[in-house]
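Source file: run.tsv; contents: TSV, C-alpha atoms and all ligand atoms.
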chain	number	residue	atom	x	y	z
A	6	MET	CA	-35.63	-27.08	-81.48
A	7	SER	CA	-33.31	-29.86	-80.62
A	8	ILE	CA	-31.81	-27.78	-77.79
A	9	SER	CA	-35.19	-27.11	-76.27
A	10	TRP	CA	-36.06	-30.79	-76.63
A	11	ARG	CA	-32.83	-31.61	-74.78
A	12	LEU	CA	-33.61	-29.09	-72.07
A	13	GLY	CA	-37.08	-30.46	-71.77
A	14	ARG	CA	-35.79	-33.97	-71.41
A	15	ALA	CA	-33.18	-32.85	-68.87
A	16	SER	CA	-35.81	-31.16	-66.76
A	17	ILE	CA	-38.01	-34.23	-66.88
A	18	LEU	CA	-35.04	-36.35	-65.77
A	19	ALA	CA	-34.25	-33.88	-63.00
A	20	LEU	CA	-37.85	-33.86	-61.92
A	21	SER	CA	-38.12	-37.64	-61.78
A	22	ALA	CA	-34.80	-37.84	-59.90
A	23	ALA	CA	-36.20	-35.37	-57.38
A	24	LEU	CA	-39.31	-37.53	-56.98
A	25	VAL	CA	-37.18	-40.60	-56.33
A	26	VAL	CA	-35.19	-38.67	-53.73
A	27	THR	CA	-38.39	-37.43	-52.09
A	28	SER	CA	-39.90	-40.89	-51.77
A	29	ALA	CA	-36.57	-42.31	-50.58
A	30	ALA	CA	-36.43	-39.58	-47.94
A	31	GLN	CA	-39.92	-40.51	-46.79
A	32	ALA	CA	-39.13	-44.21	-46.53
A	33	ARG	CA	-37.51	-44.57	-43.18
A	34	GLU	CA	-35.49	-47.65	-42.23
A	35	LEU	CA	-35.52	-48.08	-38.46
A	36	ARG	CA	-32.58	-49.59	-36.60
A	37	GLY	CA	-33.54	-52.28	-34.11
A	38	TRP	CA	-31.35	-53.37	-31.21
A	39	ASN	CA	-31.58	-56.93	-29.92
A	40	LEU	CA	-29.40	-58.80	-27.46
A	41	HIS	CA	-30.23	-62.33	-28.51
A	42	VAL	CA	-29.41	-64.90	-31.19
A	43	PRO	CA	-31.63	-64.72	-34.31
A	44	ASP	CA	-33.68	-67.83	-33.49
A	45	TYR	CA	-34.59	-66.63	-29.98
A	46	PRO	CA	-38.35	-66.07	-29.37
A	47	GLY	CA	-37.97	-62.30	-28.96
A	48	SER	CA	-35.74	-62.08	-32.04
A	49	ILE	CA	-38.29	-63.81	-34.25
A	50	ALA	CA	-41.03	-61.59	-32.81
A	51	MET	CA	-38.99	-58.44	-33.49
A	52	GLU	CA	-38.48	-59.52	-37.10
A	53	GLU	CA	-42.21	-60.07	-37.36
A	54	PHE	CA	-42.81	-56.55	-35.99
A	55	ALA	CA	-40.41	-55.07	-38.57
A	56	ALA	CA	-42.03	-56.95	-41.45
A	57	THR	CA	-45.53	-56.00	-40.34
A	58	ILE	CA	-44.81	-52.27	-40.10
A	59	ALA	CA	-43.21	-52.34	-43.55
A	60	GLU	CA	-46.29	-53.99	-44.98
A	61	GLY	CA	-48.80	-51.91	-43.02
A	62	THR	CA	-47.17	-48.57	-43.88
A	63	GLU	CA	-46.59	-49.65	-47.51
A	64	GLY	CA	-42.87	-49.24	-47.12
A	65	ARG	CA	-42.90	-45.77	-45.57
A	66	TYR	CA	-41.27	-47.46	-42.56
A	67	SER	CA	-39.22	-50.60	-42.43
A	68	GLY	CA	-36.97	-52.07	-39.79
A	69	SER	CA	-33.67	-53.93	-39.56
A	70	VAL	CA	-33.01	-55.93	-36.44
A	71	PHE	CA	-29.37	-56.16	-35.35
A	72	HIS	CA	-29.16	-59.33	-33.25
A	73	ASN	CA	-26.55	-60.58	-30.76
A	74	GLY	CA	-25.98	-57.18	-29.17
A	75	GLN	CA	-24.18	-56.02	-32.33
A	76	LEU	CA	-25.18	-52.44	-31.57
A	77	GLY	CA	-23.71	-52.55	-28.05
A	78	ASP	CA	-24.68	-53.76	-24.59
A	79	GLN	CA	-28.07	-53.08	-23.09
A	80	ARG	CA	-27.25	-50.01	-20.98
A	81	PHE	CA	-25.49	-48.37	-23.94
A	82	ALA	CA	-28.42	-49.18	-26.24
A	83	ILE	CA	-30.92	-47.62	-23.82
A	84	GLU	CA	-28.79	-44.48	-23.73
A	85	GLN	CA	-28.71	-44.38	-27.54
A	86	PHE	CA	-32.44	-43.63	-27.65
A	87	ALA	CA	-31.79	-40.13	-26.34
A	88	PHE	CA	-29.62	-39.49	-29.42
A	89	ASP	CA	-31.87	-41.27	-31.94
A	90	GLY	CA	-29.07	-43.78	-32.49
A	91	ILE	CA	-31.47	-46.72	-32.16
A	92	ASP	CA	-35.14	-46.65	-33.17
A	93	PHE	CA	-36.65	-49.78	-31.63
A	94	ALA	CA	-35.58	-52.50	-29.25
A	95	VAL	CA	-36.62	-55.07	-26.70
A	96	PHE	CA	-35.29	-54.09	-23.29
A	97	SER	CA	-35.45	-55.80	-19.92
A	98	GLY	CA	-37.61	-53.99	-17.36
A	99	GLY	CA	-34.74	-54.38	-14.90
A	100	SER	CA	-32.32	-52.53	-17.18
A	101	LEU	CA	-34.88	-49.82	-17.94
A	102	GLY	CA	-35.39	-49.39	-14.19
A	103	ASP	CA	-32.02	-47.66	-13.85
A	104	PHE	CA	-33.42	-44.95	-16.13
A	105	ALA	CA	-37.13	-44.92	-15.27
A	106	PRO	CA	-37.60	-46.17	-11.67
A	107	ALA	CA	-41.23	-47.23	-12.26
A	108	LEU	CA	-39.85	-50.07	-14.36
A	109	ASN	CA	-38.10	-51.44	-11.29
A	110	ILE	CA	-41.44	-52.05	-9.64
A	111	VAL	CA	-42.47	-54.57	-12.33
A	112	SER	CA	-39.00	-56.12	-12.08
A	113	MET	CA	-38.97	-56.71	-8.32
A	114	PRO	CA	-38.20	-60.19	-7.01
A	115	TYR	CA	-41.31	-62.34	-6.62
A	116	VAL	CA	-43.60	-59.44	-7.51
A	117	PHE	CA	-45.87	-61.46	-9.80
A	118	ARG	CA	-47.91	-64.45	-8.66
A	119	SER	CA	-47.66	-66.06	-12.09
A	120	GLN	CA	-46.91	-65.26	-15.70
A	121	GLU	CA	-50.64	-64.71	-16.29
A	122	HIS	CA	-50.65	-62.14	-13.50
A	123	MET	CA	-47.70	-60.38	-15.16
A	124	PHE	CA	-49.45	-60.27	-18.56
A	125	GLU	CA	-52.65	-58.94	-16.99
A	126	VAL	CA	-50.69	-56.15	-15.32
A	127	LEU	CA	-48.69	-55.17	-18.41
A	128	ASP	CA	-51.47	-55.43	-20.97
A	129	GLY	CA	-53.69	-53.11	-18.95
A	130	GLU	CA	-53.50	-49.56	-17.67
A	131	ILE	CA	-50.27	-50.20	-15.74
A	132	GLY	CA	-48.47	-50.99	-18.99
A	133	GLU	CA	-49.47	-47.53	-20.27
A	134	ARG	CA	-48.25	-45.88	-17.08
A	135	LEU	CA	-44.91	-47.60	-17.56
A	136	SER	CA	-44.76	-46.42	-21.14
A	137	ASP	CA	-45.38	-42.84	-19.98
A	138	ALA	CA	-42.52	-43.22	-17.50
A	139	LEU	CA	-40.20	-43.96	-20.45
A	140	ALA	CA	-41.08	-40.76	-22.35
A	141	ASP	CA	-38.21	-38.83	-20.73
A	142	HIS	CA	-35.84	-41.38	-22.23
A	143	ASN	CA	-37.33	-40.89	-25.67
A	144	MET	CA	-39.17	-44.22	-25.71
A	145	VAL	CA	-42.72	-45.46	-26.09
A	146	ALA	CA	-43.43	-49.03	-24.92
A	147	LEU	CA	-45.79	-50.57	-27.46
A	148	ALA	CA	-46.05	-54.11	-26.12
A	149	TRP	CA	-44.60	-56.46	-23.54
A	150	TYR	CA	-42.70	-59.68	-24.01
A	151	THR	CA	-42.06	-62.26	-21.33
A	152	GLY	CA	-38.58	-62.75	-19.94
A	153	GLY	CA	-39.58	-65.96	-18.14
A	154	SER	CA	-38.18	-66.54	-14.66
A	155	ARG	CA	-34.57	-66.12	-13.69
A	156	SER	CA	-32.83	-68.75	-11.56
A	157	PHE	CA	-29.26	-69.39	-10.47
A	158	TYR	CA	-26.77	-71.60	-12.26
A	159	THR	CA	-23.39	-72.47	-10.83
A	160	VAL	CA	-20.16	-74.17	-11.87
A	161	ARG	CA	-18.70	-75.95	-8.88
A	162	THR	CA	-21.26	-76.12	-6.09
A	163	ALA	CA	-24.96	-76.84	-6.24
A	164	VAL	CA	-27.13	-74.18	-4.63
A	165	ARG	CA	-29.88	-75.87	-2.60
A	166	SER	CA	-30.66	-73.13	-0.12
A	167	VAL	CA	-30.02	-69.43	0.56
A	168	ASP	CA	-27.09	-70.58	2.74
A	169	ASP	CA	-25.36	-72.08	-0.30
A	170	LEU	CA	-25.36	-68.69	-2.02
A	171	GLN	CA	-23.38	-66.91	0.69
A	172	GLY	CA	-20.29	-65.28	-0.79
A	173	LEU	CA	-20.65	-66.81	-4.27
A	174	ARG	CA	-19.65	-64.48	-7.10
A	175	ILE	CA	-22.73	-64.33	-9.26
A	176	ARG	CA	-22.85	-62.44	-12.55
A	177	VAL	CA	-25.81	-60.09	-12.95
A	178	PRO	CA	-26.82	-57.65	-15.71
A	179	ASP	CA	-25.45	-54.17	-15.14
A	180	ALA	CA	-28.49	-52.65	-13.40
A	181	ASP	CA	-29.36	-51.88	-9.78
A	182	ILE	CA	-32.34	-54.18	-9.32
A	183	PHE	CA	-30.34	-57.26	-10.32
A	184	VAL	CA	-27.43	-56.30	-8.08
A	185	ALA	CA	-29.73	-55.62	-5.12
A	186	THR	CA	-31.66	-58.88	-5.52
A	187	VAL	CA	-28.58	-61.06	-5.65
A	188	GLU	CA	-26.84	-59.20	-2.82
A	189	ALA	CA	-29.96	-59.56	-0.63
A	190	LEU	CA	-29.50	-63.31	-0.95
A	191	GLY	CA	-25.94	-63.01	0.40
A	192	ALA	CA	-24.04	-63.53	-2.87
A	193	ASN	CA	-21.49	-61.16	-4.38
A	194	ALA	CA	-23.24	-59.62	-7.37
A	195	THR	CA	-20.83	-59.07	-10.27
A	196	PRO	CA	-22.27	-56.91	-13.08
A	197	LEU	CA	-20.98	-58.02	-16.48
A	198	ALA	CA	-22.17	-57.67	-20.07
A	199	PHE	CA	-24.14	-60.65	-21.39
A	200	GLY	CA	-21.44	-61.52	-23.90
A	201	GLU	CA	-18.74	-61.77	-21.23
A	202	VAL	CA	-20.42	-64.38	-19.06
A	203	TYR	CA	-19.27	-67.54	-20.84
A	204	THR	CA	-15.54	-66.86	-20.46
A	205	SER	CA	-16.00	-65.52	-16.96
A	206	LEU	CA	-17.66	-68.79	-15.92
A	207	GLN	CA	-14.95	-70.75	-17.67
A	208	THR	CA	-12.01	-68.91	-16.14
A	209	GLY	CA	-13.51	-68.84	-12.65
A	210	VAL	CA	-13.90	-65.05	-12.51
A	211	ILE	CA	-17.45	-65.84	-11.35
A	212	ASP	CA	-18.97	-68.89	-9.63
A	213	GLY	CA	-22.26	-68.64	-11.45
A	214	ALA	CA	-24.90	-66.48	-13.03
A	215	GLU	CA	-28.68	-66.30	-13.16
A	216	ASN	CA	-31.08	-66.39	-16.05
A	217	ASN	CA	-34.10	-68.05	-17.62
A	218	ALA	CA	-33.69	-71.43	-19.34
A	219	PRO	CA	-33.73	-70.08	-22.94
A	220	SER	CA	-30.85	-67.66	-22.20
A	221	PHE	CA	-28.95	-70.27	-20.17
A	222	GLU	CA	-29.26	-72.56	-23.19
A	223	SER	CA	-28.80	-70.12	-26.13
A	224	THR	CA	-25.56	-68.77	-24.62
A	225	ARG	CA	-24.28	-72.31	-24.05
A	226	HIS	CA	-23.36	-71.39	-20.48
A	227	TYR	CA	-24.55	-74.90	-19.60
A	228	GLU	CA	-21.34	-76.26	-21.13
A	229	VAL	CA	-19.62	-74.82	-18.05
A	230	ALA	CA	-22.32	-74.47	-15.38
A	231	LYS	CA	-23.93	-77.79	-14.50
A	232	TYR	CA	-26.27	-76.86	-11.63
A	233	TYR	CA	-29.53	-75.00	-12.17
A	234	THR	CA	-31.40	-74.01	-9.01
A	235	LEU	CA	-35.05	-73.20	-9.77
A	236	ASP	CA	-35.66	-70.52	-7.16
A	237	GLU	CA	-37.17	-68.19	-9.81
A	238	HIS	CA	-36.19	-65.05	-7.93
A	239	LEU	CA	-37.03	-62.66	-10.77
A	240	MET	CA	-39.76	-62.62	-13.40
A	241	VAL	CA	-38.69	-59.62	-15.43
A	242	PRO	CA	-40.91	-58.38	-18.26
A	243	GLU	CA	-39.37	-57.01	-21.46
A	244	ALA	CA	-40.64	-53.97	-23.34
A	245	LEU	CA	-40.84	-53.60	-27.11
A	246	VAL	CA	-40.04	-49.90	-27.36
A	247	VAL	CA	-39.87	-47.48	-30.28
A	248	SER	CA	-38.18	-44.13	-30.24
A	249	LYS	CA	-40.51	-41.31	-29.23
A	250	THR	CA	-38.99	-39.22	-32.02
A	251	VAL	CA	-40.20	-41.80	-34.53
A	252	TRP	CA	-43.55	-42.20	-32.75
A	253	ASP	CA	-44.21	-38.45	-32.66
A	254	GLY	CA	-43.62	-38.28	-36.41
A	255	LEU	CA	-46.18	-41.00	-37.26
A	256	SER	CA	-49.63	-40.30	-38.65
A	257	PRO	CA	-52.52	-41.64	-36.55
A	258	GLU	CA	-52.96	-44.46	-39.11
A	259	ASP	CA	-49.31	-45.46	-38.94
A	260	ARG	CA	-49.44	-45.40	-35.12
A	261	THR	CA	-52.23	-47.94	-35.29
A	262	VAL	CA	-50.10	-50.07	-37.63
A	263	PHE	CA	-47.15	-49.91	-35.22
A	264	ARG	CA	-49.24	-50.64	-32.14
A	265	ASP	CA	-51.09	-53.55	-33.70
A	266	ALA	CA	-47.83	-54.96	-35.09
A	267	ALA	CA	-46.22	-54.70	-31.65
A	268	ARG	CA	-49.11	-56.42	-29.90
A	269	ALA	CA	-49.23	-59.21	-32.48
A	270	SER	CA	-45.49	-59.70	-32.12
A	271	ALA	CA	-45.90	-59.99	-28.34
A	272	GLN	CA	-48.42	-62.77	-28.83
A	273	THR	CA	-45.93	-64.53	-31.11
A	274	GLN	CA	-43.12	-64.05	-28.58
A	275	ARG	CA	-45.18	-65.38	-25.70
A	276	SER	CA	-46.19	-68.55	-27.49
A	277	LEU	CA	-42.70	-69.15	-28.90
A	278	TRP	CA	-41.38	-68.60	-25.39
A	279	ALA	CA	-43.39	-71.46	-23.94
A	280	GLU	CA	-42.07	-73.78	-26.67
A	281	ARG	CA	-38.49	-72.59	-26.27
A	282	GLU	CA	-38.56	-73.01	-22.49
A	283	ALA	CA	-39.46	-76.66	-22.93
A	284	ALA	CA	-36.91	-77.19	-25.71
A	285	SER	CA	-34.18	-75.47	-23.70
A	286	ALA	CA	-34.91	-77.61	-20.64
A	287	GLU	CA	-34.41	-80.67	-22.83
A	288	VAL	CA	-31.08	-79.41	-24.17
A	289	LEU	CA	-29.91	-78.63	-20.65
A	290	GLN	CA	-30.93	-82.02	-19.35
A	291	GLU	CA	-29.25	-83.81	-22.22
A	292	ALA	CA	-26.08	-81.84	-21.49
A	293	GLY	CA	-26.12	-83.23	-17.94
A	294	VAL	CA	-27.31	-80.13	-16.10
A	295	GLU	CA	-28.79	-81.01	-12.71
A	296	PHE	CA	-32.11	-79.19	-12.12
A	297	ILE	CA	-32.53	-78.41	-8.43
A	298	GLU	CA	-36.15	-77.83	-7.45
A	299	VAL	CA	-36.62	-75.41	-4.56
A	300	GLU	CA	-39.46	-76.94	-2.56
A	301	ASP	CA	-39.72	-74.04	-0.14
A	302	LYS	CA	-39.14	-70.64	-1.69
A	303	GLN	CA	-40.10	-68.79	1.49
A	304	PRO	CA	-36.50	-68.20	2.69
A	305	PHE	CA	-35.69	-66.71	-0.74
A	306	ILE	CA	-38.82	-64.54	-0.60
A	307	ASP	CA	-38.09	-63.42	2.97
A	308	ALA	CA	-34.57	-62.38	2.02
A	309	MET	CA	-36.01	-59.83	-0.44
A	310	ALA	CA	-37.35	-57.41	2.19
A	311	PRO	CA	-34.36	-55.03	1.84
A	312	VAL	CA	-34.92	-54.83	-1.93
A	313	TYR	CA	-38.50	-53.71	-1.37
A	314	GLU	CA	-37.37	-51.23	1.29
A	315	ARG	CA	-34.86	-49.75	-1.09
A	316	PHE	CA	-36.90	-49.51	-4.29
A	317	VAL	CA	-40.46	-48.97	-3.09
A	318	THR	CA	-40.00	-45.66	-1.34
A	319	SER	CA	-41.84	-42.92	-3.26
A	320	GLU	CA	-45.62	-42.67	-3.01
A	321	GLU	CA	-45.79	-43.35	-6.73
A	322	ALA	CA	-43.83	-46.59	-6.35
A	323	GLN	CA	-45.98	-47.68	-3.43
A	324	ALA	CA	-49.16	-47.01	-5.40
A	325	LEU	CA	-47.81	-48.89	-8.40
A	326	LEU	CA	-46.90	-51.89	-6.27
A	327	ALA	CA	-50.32	-51.88	-4.62
A	328	ASP	CA	-51.99	-51.73	-8.05
A	329	ILE	CA	-49.88	-54.62	-9.30
A	330	GLN	CA	-50.79	-56.70	-6.28
A	331	ALA	CA	-54.47	-55.85	-6.63
A	332	THR	CA	-54.57	-56.80	-10.34
A	333	GLY	CA	-56.37	-60.03	-11.05
A	334	ASN	CA	-57.55	-60.53	-7.50
A	401	LIG	C1	-31.87	-62.15	-20.83
A	401	LIG	C2	-32.71	-60.92	-21.08
A	401	LIG	C3	-31.84	-59.74	-21.45
A	401	LIG	C4	-30.73	-59.57	-20.44
A	401	LIG	C5	-29.96	-60.86	-20.31
A	401	LIG	C6	-28.80	-60.72	-19.35
A	401	LIG	O1	-32.69	-63.17	-20.33
A	401	LIG	O2	-33.60	-61.19	-22.14
A	401	LIG	O3	-32.60	-58.56	-21.52
A	401	LIG	O4	-31.25	-59.18	-19.20
A	401	LIG	O5	-30.85	-61.88	-19.89
A	401	LIG	O6	-28.72	-61.51	-18.42
A	401	LIG	O7	-27.98	-59.82	-19.56

Any chance you could give the structure as structure tokens?
Ligand code: GTR
Amino acid sequence: MSISWRLGRASILALSAALVVTSAAQARELRGWNLHVPDYPGSIAMEEFAATIAEGTEGRYSGSVFHNGQLGDQRFAIEQFAFDGIDFAVFSGGSLGDFAPALNIVSMPYVFRSQEHMFEVLDGEIGERLSDALADHNMVALAWYTGGSRSFYTVRTAVRSVDDLQGLRIRVPDADIFVATVEALGANATPLAFGEVYTSLQTGVIDGAENNAPSFESTRHYEVAKYYTLDEHLMVPEALVVSKTVWDGLSPEDRTVFRDAARASAQTQRSLWAEREAASAEVLQEAGVEFIEVEDKQPFIDAMAPVYERFVTSEEAQALLADIQATGN
């Protein structure tokens, strides 16, 4: 009697342990890659995305965001998707372009007339086409964040014209579109990881770099580089991507949760971005950075012809560019 009672109890314990294991196996914690500091607009928006999917899927999925490039530099992180090493991330269109060339077309210099134009392009059918182009790299783009506009900052000499850029060693992210854009302007493009730029500016390995105001500020590069030339050569969108492996395993209901969470997080990012741009400009000004307005951007725009010749070659790329230009007109 007592033995059978014990057996019974043991089986009940085993059964409940199995149930715990089963539900633990179903709850999936997704690893999120992020390049930026935790209080950056995109970082806050990614955290919001992670919290919303946890709530919306009642804990079946949750996400942890690893900030500050803890999981490696951007190129490495993109590659990790193929091996399911990273499950979601915010990647620059320019970096994705090395893998899926369509992404280069939305990362071309001066391709958008305004930020509103960029959002209209990405939030519509073109955004879906770009997401499809990422499928081979095991990614689905669920929403688009803004990366603002990238401009040059330099240590020793102020850049006031294309002439002033000739021969300067300018750090760029490690991706073709950035290299090509900066080389077309006559500078020596030096690809370096984001985290290496501060010391490289300080030690004179490079003469400058290029980025939007929030990145120029959050990295504290302004402590070394005191000239900021607002030529706005690149307006590069950023994609909130999830692994296609994860996406393919979601129920239709959970896909809706993920997509809605991504879109809501993009709205958060875009409004935080506007605030952060203004706040960053203030920090930079207080630190004594000279803002150099570029009255006439035409010489910068004209210099980009070789970049278009190089990247807009296939019929698909030409059609994409034409569709971007026709959007919102
Ligand atoms: C940031 C952007 C990153 C990366 C970085 C860099 O503005 O959000 O994706 O491109 O610049 O310069 O490496």

Identify, counting only C-alpha atoms and all ligand atoms, the protein, DNA and RNA residues located within 7 Å of ligand LIG 401 (chain A), and give them as a short mmCIF file (atom, residue, chain, number, x, y, z; two decimals) with C-alpha atoms, keeping the file's coordinate frame.
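Result went into out.cif, see below:
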data_model
loop_
_atom_site.label_atom_id
_atom_site.label_comp_id
_atom_site.auth_asym_id
_atom_site.auth_seq_id
_atom_site.Cartn_x
_atom_site.Cartn_y
_atom_site.Cartn_z
CA LEU A 40 -29.40 -58.80 -27.46
CA PHE A 96 -35.29 -54.09 -23.29
CA SER A 97 -35.45 -55.80 -19.92
CA GLY A 152 -38.58 -62.75 -19.94
CA VAL A 177 -25.81 -60.09 -12.95
CA PRO A 178 -26.82 -57.65 -15.71
CA ALA A 198 -22.17 -57.67 -20.07
CA PHE A 199 -24.14 -60.65 -21.39
CA ASN A 216 -31.08 -66.39 -16.05
CA ASN A 217 -34.10 -68.05 -17.62
CA SER A 220 -30.85 -67.66 -22.20
CA GLU A 243 -39.37 -57.01 -21.46
#

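Going from atom CA of A:Asn143 over to atom CA of A:Asn39, you cover 17.6 Å.
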
Of the residues A:Ile131, A:Met113, A:Ala146, A:Ala163, which is the one nearest to A:Thr332, using all atoms listed in the file? A:Ile131

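Shortest atom-to-atom contact with A:Trp38 among A:Ala218, A:Ala292, A:Val247, A:Ala148: A:Val247, counting only C-alpha atoms.
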
8 Å contact set for stretch 268-276 of chain A, all atoms listed in the file, chain neighbours under 4 positions out, as an MDAnalysis selection string: chainID A and resid 46:47 49:51 53:54 147:151 264 280

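The space separating atom CA of A:Arg65 from atom CA of A:Glu34 comes to 8.3 Å.
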
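When all atoms listed in the file are used to compute distances to A:Lys249, the closest of the residues A:Gly99, A:Asp44, A:Leu108, A:Met144 turns out to be A:Met144.
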
Write out as number ranges by chain the residues lying within 6 Å of stretch 296-307 of chain A, counting all atoms listed in the file and excluding same-chain residues fewer than 2 positions away. A: 233-236, 309

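The nearest approach to A:Leu76 among the residues A:Phe93, A:Lys231, A:Ser248, A:Val210, with only C-alpha atoms taken into account, belongs to A:Phe93.
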
Residue nearest A:Leu277 among A:Gly153, A:Phe104, A:Glu125, A:Gln79 (counting all atoms listed in the file): A:Gly153

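Interatomic distance, atom CA of A:Ala105 against atom CA of A:Leu325: 13.3 Å.
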
Nearest to A:Phe157: which of A:Arg118, A:Arg80, A:His142, A:His238 is it, counting all atoms listed in the file? A:His238

Taking (-20.7, -60.7, -24.8) in the file's own coordinates, collect the residues within 12 Å, counting all atoms listed in the file, and hand them back as an NGL selection string. :A and (40-42 or 73-79 or 178 or 197-205 or 224 or 226)

Write the residues you've just listed into a file as a compact mmCIF listing (two decimals), keeping the file's coordinate frame, and include C-alpha atoms for each of them.
# COMPACT_ATOMS: atom_id res chain seq x y z
CA LEU A 40 -29.40 -58.80 -27.46
CA HIS A 41 -30.23 -62.33 -28.51
CA VAL A 42 -29.41 -64.90 -31.19
CA ASN A 73 -26.55 -60.58 -30.76
CA GLY A 74 -25.98 -57.18 -29.17
CA GLN A 75 -24.18 -56.02 -32.33
CA LEU A 76 -25.18 -52.44 -31.57
CA GLY A 77 -23.71 -52.55 -28.05
CA ASP A 78 -24.68 -53.76 -24.59
CA GLN A 79 -28.07 -53.08 -23.09
CA PRO A 178 -26.82 -57.65 -15.71
CA LEU A 197 -20.98 -58.02 -16.48
CA ALA A 198 -22.17 -57.67 -20.07
CA PHE A 199 -24.14 -60.65 -21.39
CA GLY A 200 -21.44 -61.52 -23.90
CA GLU A 201 -18.74 -61.77 -21.23
CA VAL A 202 -20.42 -64.38 -19.06
CA TYR A 203 -19.27 -67.54 -20.84
CA THR A 204 -15.54 -66.86 -20.46
CA SER A 205 -16.00 -65.52 -16.96
CA THR A 224 -25.56 -68.77 -24.62
CA HIS A 226 -23.36 -71.39 -20.48

Around stretch 243-246 of chain A, with edges along x, y and z and 4 Å added on all six sides, what centre and edge lengths do you get, in Å to one decimal, as lines of an AutoDock Vina configuration file?
center_x = -40.1
center_y = -53.5
center_z = -24.4
size_x = 9.5
size_y = 15.1
size_z = 13.9

List every protein, DNA or RNA residue that has an atom no more than 6 Å from (-43.1, -48.3, -21.7) in the file's coordinate frame, counting all atoms listed in the file, and report them as a short mmCIF file (atom, residue, chain, number, x, y, z; two decimals) with C-alpha atoms, in the frame of the given file.
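Result file is selection_39.cif:
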data_model
loop_
_atom_site.label_atom_id
_atom_site.label_comp_id
_atom_site.auth_asym_id
_atom_site.auth_seq_id
_atom_site.Cartn_x
_atom_site.Cartn_y
_atom_site.Cartn_z
CA LEU A 135 -44.91 -47.60 -17.56
CA SER A 136 -44.76 -46.42 -21.14
CA LEU A 139 -40.20 -43.96 -20.45
CA VAL A 145 -42.72 -45.46 -26.09
CA ALA A 146 -43.43 -49.03 -24.92
#
